[in-house]
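**Q** Coordinates in work-v4.txt, compact mmCIF, N, CA and C atoms and all ligand atoms, are listed below.
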```txt
# COMPACT_ATOMS: atom_id res chain seq x y z
N MET X 19 -1.76 -24.45 19.15
CA MET X 19 -0.47 -24.21 18.48
C MET X 19 -0.58 -24.49 16.98
N ALA X 20 -1.08 -25.67 16.67
CA ALA X 20 -1.21 -26.04 15.27
C ALA X 20 -2.16 -25.09 14.54
N GLU X 21 -3.15 -24.69 15.30
CA GLU X 21 -4.13 -23.78 14.69
C GLU X 21 -3.46 -22.47 14.29
N GLU X 22 -2.58 -22.02 15.17
CA GLU X 22 -1.91 -20.77 14.90
C GLU X 22 -1.07 -20.86 13.62
N LYS X 23 -0.41 -21.99 13.46
CA LYS X 23 0.46 -22.16 12.30
C LYS X 23 -0.33 -22.11 11.00
N SER X 24 -1.38 -22.88 10.95
CA SER X 24 -2.17 -22.95 9.72
C SER X 24 -2.81 -21.59 9.43
N ALA X 25 -3.16 -20.91 10.50
CA ALA X 25 -3.78 -19.60 10.31
C ALA X 25 -2.77 -18.63 9.72
N LYS X 26 -1.54 -18.77 10.17
CA LYS X 26 -0.50 -17.88 9.68
C LYS X 26 -0.25 -18.11 8.19
N LYS X 27 -0.29 -19.38 7.82
CA LYS X 27 -0.01 -19.73 6.43
C LYS X 27 -1.09 -19.17 5.50
N ASP X 28 -2.27 -19.16 6.00
CA ASP X 28 -3.42 -18.80 5.17
C ASP X 28 -3.67 -17.29 5.13
N ILE X 29 -2.91 -16.60 5.92
CA ILE X 29 -3.18 -15.16 6.05
C ILE X 29 -2.93 -14.42 4.74
N ARG X 30 -3.91 -13.63 4.39
CA ARG X 30 -3.75 -12.78 3.20
C ARG X 30 -4.31 -11.41 3.54
N PRO X 31 -3.56 -10.39 3.27
CA PRO X 31 -4.06 -9.05 3.55
C PRO X 31 -5.26 -8.75 2.67
N TYR X 32 -6.36 -8.42 3.31
CA TYR X 32 -7.58 -8.15 2.54
C TYR X 32 -7.50 -6.76 1.90
N VAL X 33 -7.61 -6.76 0.61
CA VAL X 33 -7.58 -5.47 -0.08
C VAL X 33 -8.97 -5.17 -0.61
N PRO X 34 -9.60 -4.17 -0.04
CA PRO X 34 -10.93 -3.81 -0.50
C PRO X 34 -10.89 -3.32 -1.94
N PRO X 35 -11.89 -3.64 -2.70
CA PRO X 35 -11.92 -3.23 -4.11
C PRO X 35 -11.88 -1.72 -4.23
N LYS X 36 -11.03 -1.27 -5.07
CA LYS X 36 -10.88 0.17 -5.26
C LYS X 36 -12.02 0.69 -6.12
N GLU X 37 -12.54 1.80 -5.72
CA GLU X 37 -13.64 2.37 -6.49
C GLU X 37 -13.14 3.41 -7.47
N CYS X 38 -13.70 3.37 -8.64
CA CYS X 38 -13.32 4.33 -9.67
C CYS X 38 -13.76 5.74 -9.25
N PRO X 39 -12.80 6.66 -9.25
CA PRO X 39 -13.14 8.03 -8.87
C PRO X 39 -14.02 8.72 -9.92
N LYS X 40 -14.08 8.12 -11.09
CA LYS X 40 -14.86 8.75 -12.17
C LYS X 40 -16.32 8.31 -12.14
N CYS X 41 -16.51 6.98 -12.13
CA CYS X 41 -17.89 6.49 -12.25
C CYS X 41 -18.33 5.72 -11.00
N GLY X 42 -17.38 5.45 -10.07
CA GLY X 42 -17.78 4.85 -8.80
C GLY X 42 -17.92 3.34 -8.83
N SER X 43 -17.67 2.70 -9.95
CA SER X 43 -17.76 1.24 -9.99
C SER X 43 -16.43 0.63 -9.54
N ARG X 44 -16.46 -0.67 -9.23
CA ARG X 44 -15.23 -1.30 -8.72
C ARG X 44 -14.20 -1.45 -9.83
N MET X 45 -12.94 -1.21 -9.45
CA MET X 45 -11.88 -1.30 -10.44
C MET X 45 -11.18 -2.65 -10.33
N ALA X 46 -10.68 -3.12 -11.45
CA ALA X 46 -9.94 -4.38 -11.48
C ALA X 46 -8.56 -4.16 -10.89
N ASN X 47 -8.16 -5.11 -10.04
CA ASN X 47 -6.88 -4.97 -9.37
C ASN X 47 -5.81 -5.73 -10.13
N HIS X 48 -5.00 -5.03 -10.88
CA HIS X 48 -3.91 -5.66 -11.62
C HIS X 48 -2.63 -5.57 -10.81
N ALA X 49 -1.59 -6.22 -11.30
CA ALA X 49 -0.34 -6.26 -10.55
C ALA X 49 0.25 -4.87 -10.38
N ASP X 50 0.11 -4.06 -11.39
CA ASP X 50 0.77 -2.75 -11.32
C ASP X 50 -0.20 -1.60 -11.48
N ARG X 51 -1.51 -1.93 -11.57
CA ARG X 51 -2.44 -0.83 -11.80
C ARG X 51 -3.86 -1.24 -11.47
N TYR X 52 -4.72 -0.27 -11.31
CA TYR X 52 -6.15 -0.51 -11.18
C TYR X 52 -6.81 -0.05 -12.47
N THR X 53 -7.74 -0.84 -12.94
CA THR X 53 -8.43 -0.43 -14.16
C THR X 53 -9.93 -0.51 -13.96
N CYS X 54 -10.64 0.50 -14.42
CA CYS X 54 -12.09 0.50 -14.37
C CYS X 54 -12.62 -0.10 -15.67
N GLY X 55 -13.46 -1.11 -15.53
CA GLY X 55 -14.00 -1.76 -16.72
C GLY X 55 -15.09 -0.94 -17.38
N LYS X 56 -15.64 0.00 -16.64
CA LYS X 56 -16.77 0.77 -17.17
C LYS X 56 -16.29 1.94 -18.02
N CYS X 57 -15.40 2.74 -17.43
CA CYS X 57 -14.97 3.94 -18.16
C CYS X 57 -13.49 3.84 -18.53
N SER X 58 -12.90 2.68 -18.24
CA SER X 58 -11.50 2.42 -18.60
C SER X 58 -10.53 3.41 -17.97
N TYR X 59 -10.91 3.90 -16.81
CA TYR X 59 -9.99 4.75 -16.06
C TYR X 59 -8.90 3.88 -15.46
N THR X 60 -7.66 4.30 -15.56
CA THR X 60 -6.55 3.49 -15.04
C THR X 60 -5.74 4.27 -14.03
N GLU X 61 -5.43 3.60 -12.93
CA GLU X 61 -4.59 4.23 -11.92
C GLU X 61 -3.41 3.32 -11.65
N PHE X 62 -2.22 3.83 -11.78
CA PHE X 62 -1.03 3.00 -11.62
C PHE X 62 -0.58 2.95 -10.18
N LYS X 63 -0.08 1.80 -9.80
CA LYS X 63 0.52 1.65 -8.47
C LYS X 63 2.00 1.96 -8.62
N SER X 64 2.36 3.20 -8.42
CA SER X 64 3.74 3.60 -8.68
C SER X 64 4.70 2.93 -7.72
N GLN X 65 4.25 2.73 -6.47
CA GLN X 65 5.16 2.15 -5.47
C GLN X 65 5.57 0.74 -5.85
N ALA X 66 4.61 -0.08 -6.19
CA ALA X 66 4.90 -1.48 -6.52
C ALA X 66 5.79 -1.54 -7.75
N LYS X 67 5.51 -0.66 -8.69
CA LYS X 67 6.27 -0.66 -9.93
C LYS X 67 7.74 -0.37 -9.64
N GLU X 68 7.99 0.60 -8.77
CA GLU X 68 9.35 0.99 -8.45
C GLU X 68 10.12 -0.18 -7.85
N ALA X 69 9.48 -0.86 -6.91
CA ALA X 69 10.14 -1.98 -6.24
C ALA X 69 10.49 -3.06 -7.24
N GLN X 70 9.60 -3.30 -8.17
CA GLN X 70 9.84 -4.38 -9.13
C GLN X 70 11.02 -4.05 -10.03
N THR X 71 11.05 -2.84 -10.53
CA THR X 71 12.14 -2.47 -11.44
C THR X 71 13.47 -2.51 -10.71
N GLU X 72 13.44 -2.16 -9.43
CA GLU X 72 14.67 -2.16 -8.66
C GLU X 72 15.24 -3.57 -8.56
N GLN X 73 14.36 -4.50 -8.31
CA GLN X 73 14.79 -5.91 -8.19
C GLN X 73 15.36 -6.40 -9.50
N LYS X 74 14.72 -6.04 -10.59
CA LYS X 74 15.16 -6.50 -11.90
C LYS X 74 16.56 -5.97 -12.20
N ALA X 75 16.78 -4.70 -11.86
CA ALA X 75 18.07 -4.08 -12.13
C ALA X 75 19.17 -4.80 -11.36
N GLN X 76 18.83 -5.21 -10.13
CA GLN X 76 19.84 -5.89 -9.33
C GLN X 76 20.15 -7.26 -9.90
N ASP X 77 19.13 -7.90 -10.44
CA ASP X 77 19.32 -9.23 -11.02
C ASP X 77 20.24 -9.18 -12.24
N ALA X 78 20.09 -8.14 -13.02
CA ALA X 78 20.85 -8.03 -14.26
C ALA X 78 22.31 -7.69 -13.97
N LYS X 79 22.54 -7.15 -12.78
CA LYS X 79 23.90 -6.73 -12.45
C LYS X 79 24.67 -7.87 -11.80
N LYS X 80 24.91 -8.90 -12.55
CA LYS X 80 25.65 -10.03 -11.96
C LYS X 80 27.14 -9.82 -12.20
N PRO X 81 27.88 -9.69 -11.13
CA PRO X 81 29.32 -9.48 -11.27
C PRO X 81 30.00 -10.72 -11.83
N GLN X 82 30.83 -10.51 -12.82
CA GLN X 82 31.52 -11.66 -13.42
C GLN X 82 32.92 -11.78 -12.85
N LYS X 83 33.21 -12.96 -12.39
CA LYS X 83 34.53 -13.17 -11.79
C LYS X 83 35.50 -13.65 -12.86
N PRO X 84 36.54 -12.88 -13.10
CA PRO X 84 37.55 -13.30 -14.07
C PRO X 84 38.33 -14.48 -13.54
N LYS X 85 38.61 -15.40 -14.43
CA LYS X 85 39.32 -16.61 -13.97
C LYS X 85 40.80 -16.30 -13.76
N GLN X 86 41.25 -16.63 -12.57
CA GLN X 86 42.66 -16.39 -12.26
C GLN X 86 43.31 -17.69 -11.82
N GLY X 87 44.61 -17.77 -11.89
CA GLY X 87 45.27 -19.00 -11.45
C GLY X 87 46.52 -19.27 -12.27
N LYS X 88 46.57 -18.74 -13.47
CA LYS X 88 47.73 -18.98 -14.32
C LYS X 88 48.94 -18.19 -13.83
N LYS X 89 48.66 -17.03 -13.24
CA LYS X 89 49.71 -16.12 -12.80
C LYS X 89 50.61 -16.78 -11.73
N ASP X 90 49.96 -17.53 -10.86
CA ASP X 90 50.69 -18.05 -9.69
C ASP X 90 51.54 -19.28 -10.00
N SER X 91 51.27 -19.89 -11.12
CA SER X 91 51.98 -21.15 -11.37
C SER X 91 53.37 -20.91 -11.97
N GLY X 92 54.41 -21.32 -11.23
CA GLY X 92 55.77 -21.26 -11.74
C GLY X 92 56.29 -19.85 -11.88
N ALA X 93 55.88 -18.94 -11.00
CA ALA X 93 56.37 -17.58 -11.08
C ALA X 93 57.50 -17.35 -10.08
N ALA X 94 57.76 -18.32 -9.25
CA ALA X 94 58.77 -18.15 -8.21
C ALA X 94 60.17 -18.23 -8.81
N VAL X 95 61.04 -17.40 -8.29
CA VAL X 95 62.40 -17.38 -8.85
C VAL X 95 63.39 -18.18 -8.02
ZN ZN I 101 -14.93 4.17 -14.00
```
Please, can you express the file's structure as structure tokens?
**A**
Amino acid sequence: MAEEKSAKKDIRPYVPPKECPKCGSRMANHADRYTCGKCSYTEFKSQAKEAQTEQKAQDAKKPQKPKQGKKDSGAAV
């Protein structure tokens, strides 16, 4: 049981190094792109980029609650 837990915590999806389609050498794995150090070929990860921008947009859209409470005080006739 304990073994299963620790194994789960340590799990990381293995991503094989991407090979440059131009020169065939291994490309550097960046957060949003792959870059070849030999011929400087760059391939963007469009999917990851989209998800990130979506999250950012949601963060910036914080609804502001207008303060209310003055209206209700002493309005009764
Ligand atoms: Zn290359």
**Q** All residues within 7 Å of ligand ZN 101 (chain I) are required, counting only N, CA and C atoms and all ligand atoms; please report them as a ChimeraX atom specification.
**A** /X:37-44,53-59
**Q** Between atom C of Lys63 (chain X) and atom N of Ala49 (chain X), what is the distance in Å, rounded to a tenth?
**A**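 Atom N of Ala49 (chain X) lies 9.3 Å from atom C of Lys63 (chain X).
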**Q** To one decimal in Å, tell me the separation between atom C of Pro34 (chain X) and atom N of Glu61 (chain X).
**A**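 Atom N of Glu61 (chain X) lies at a distance of 14.1 Å from atom C of Pro34 (chain X).
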**Q** Please measure the separation of CA of Ile29 (chain X) and CA of Thr60 (chain X), giving the value in Å to one decimal.
**A**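 Between CA of Ile29 (chain X) and CA of Thr60 (chain X) the gap works out to 28.4 Å.
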**Q** Any chance you could work out the axis-aligned box around region 53-56 of chain X, listed atoms only, 8 Å on each side, giving centre and edge lengths in Å to one decimal, as lines of an AutoDock Vina configuration file?
**A**
```
center_x = -12.3
center_y = 0.1
center_z = -15.5
size_x = 25.0
size_y = 19.7
size_z = 21.1
```
**Q** Write out as a PyMOL selection string the residues lying within 8 Å of Lys36 (chain X), counting only C-alpha atoms and excluding same-chain residues fewer than 6 positions away.
**A** chain X and resi 44-47+52
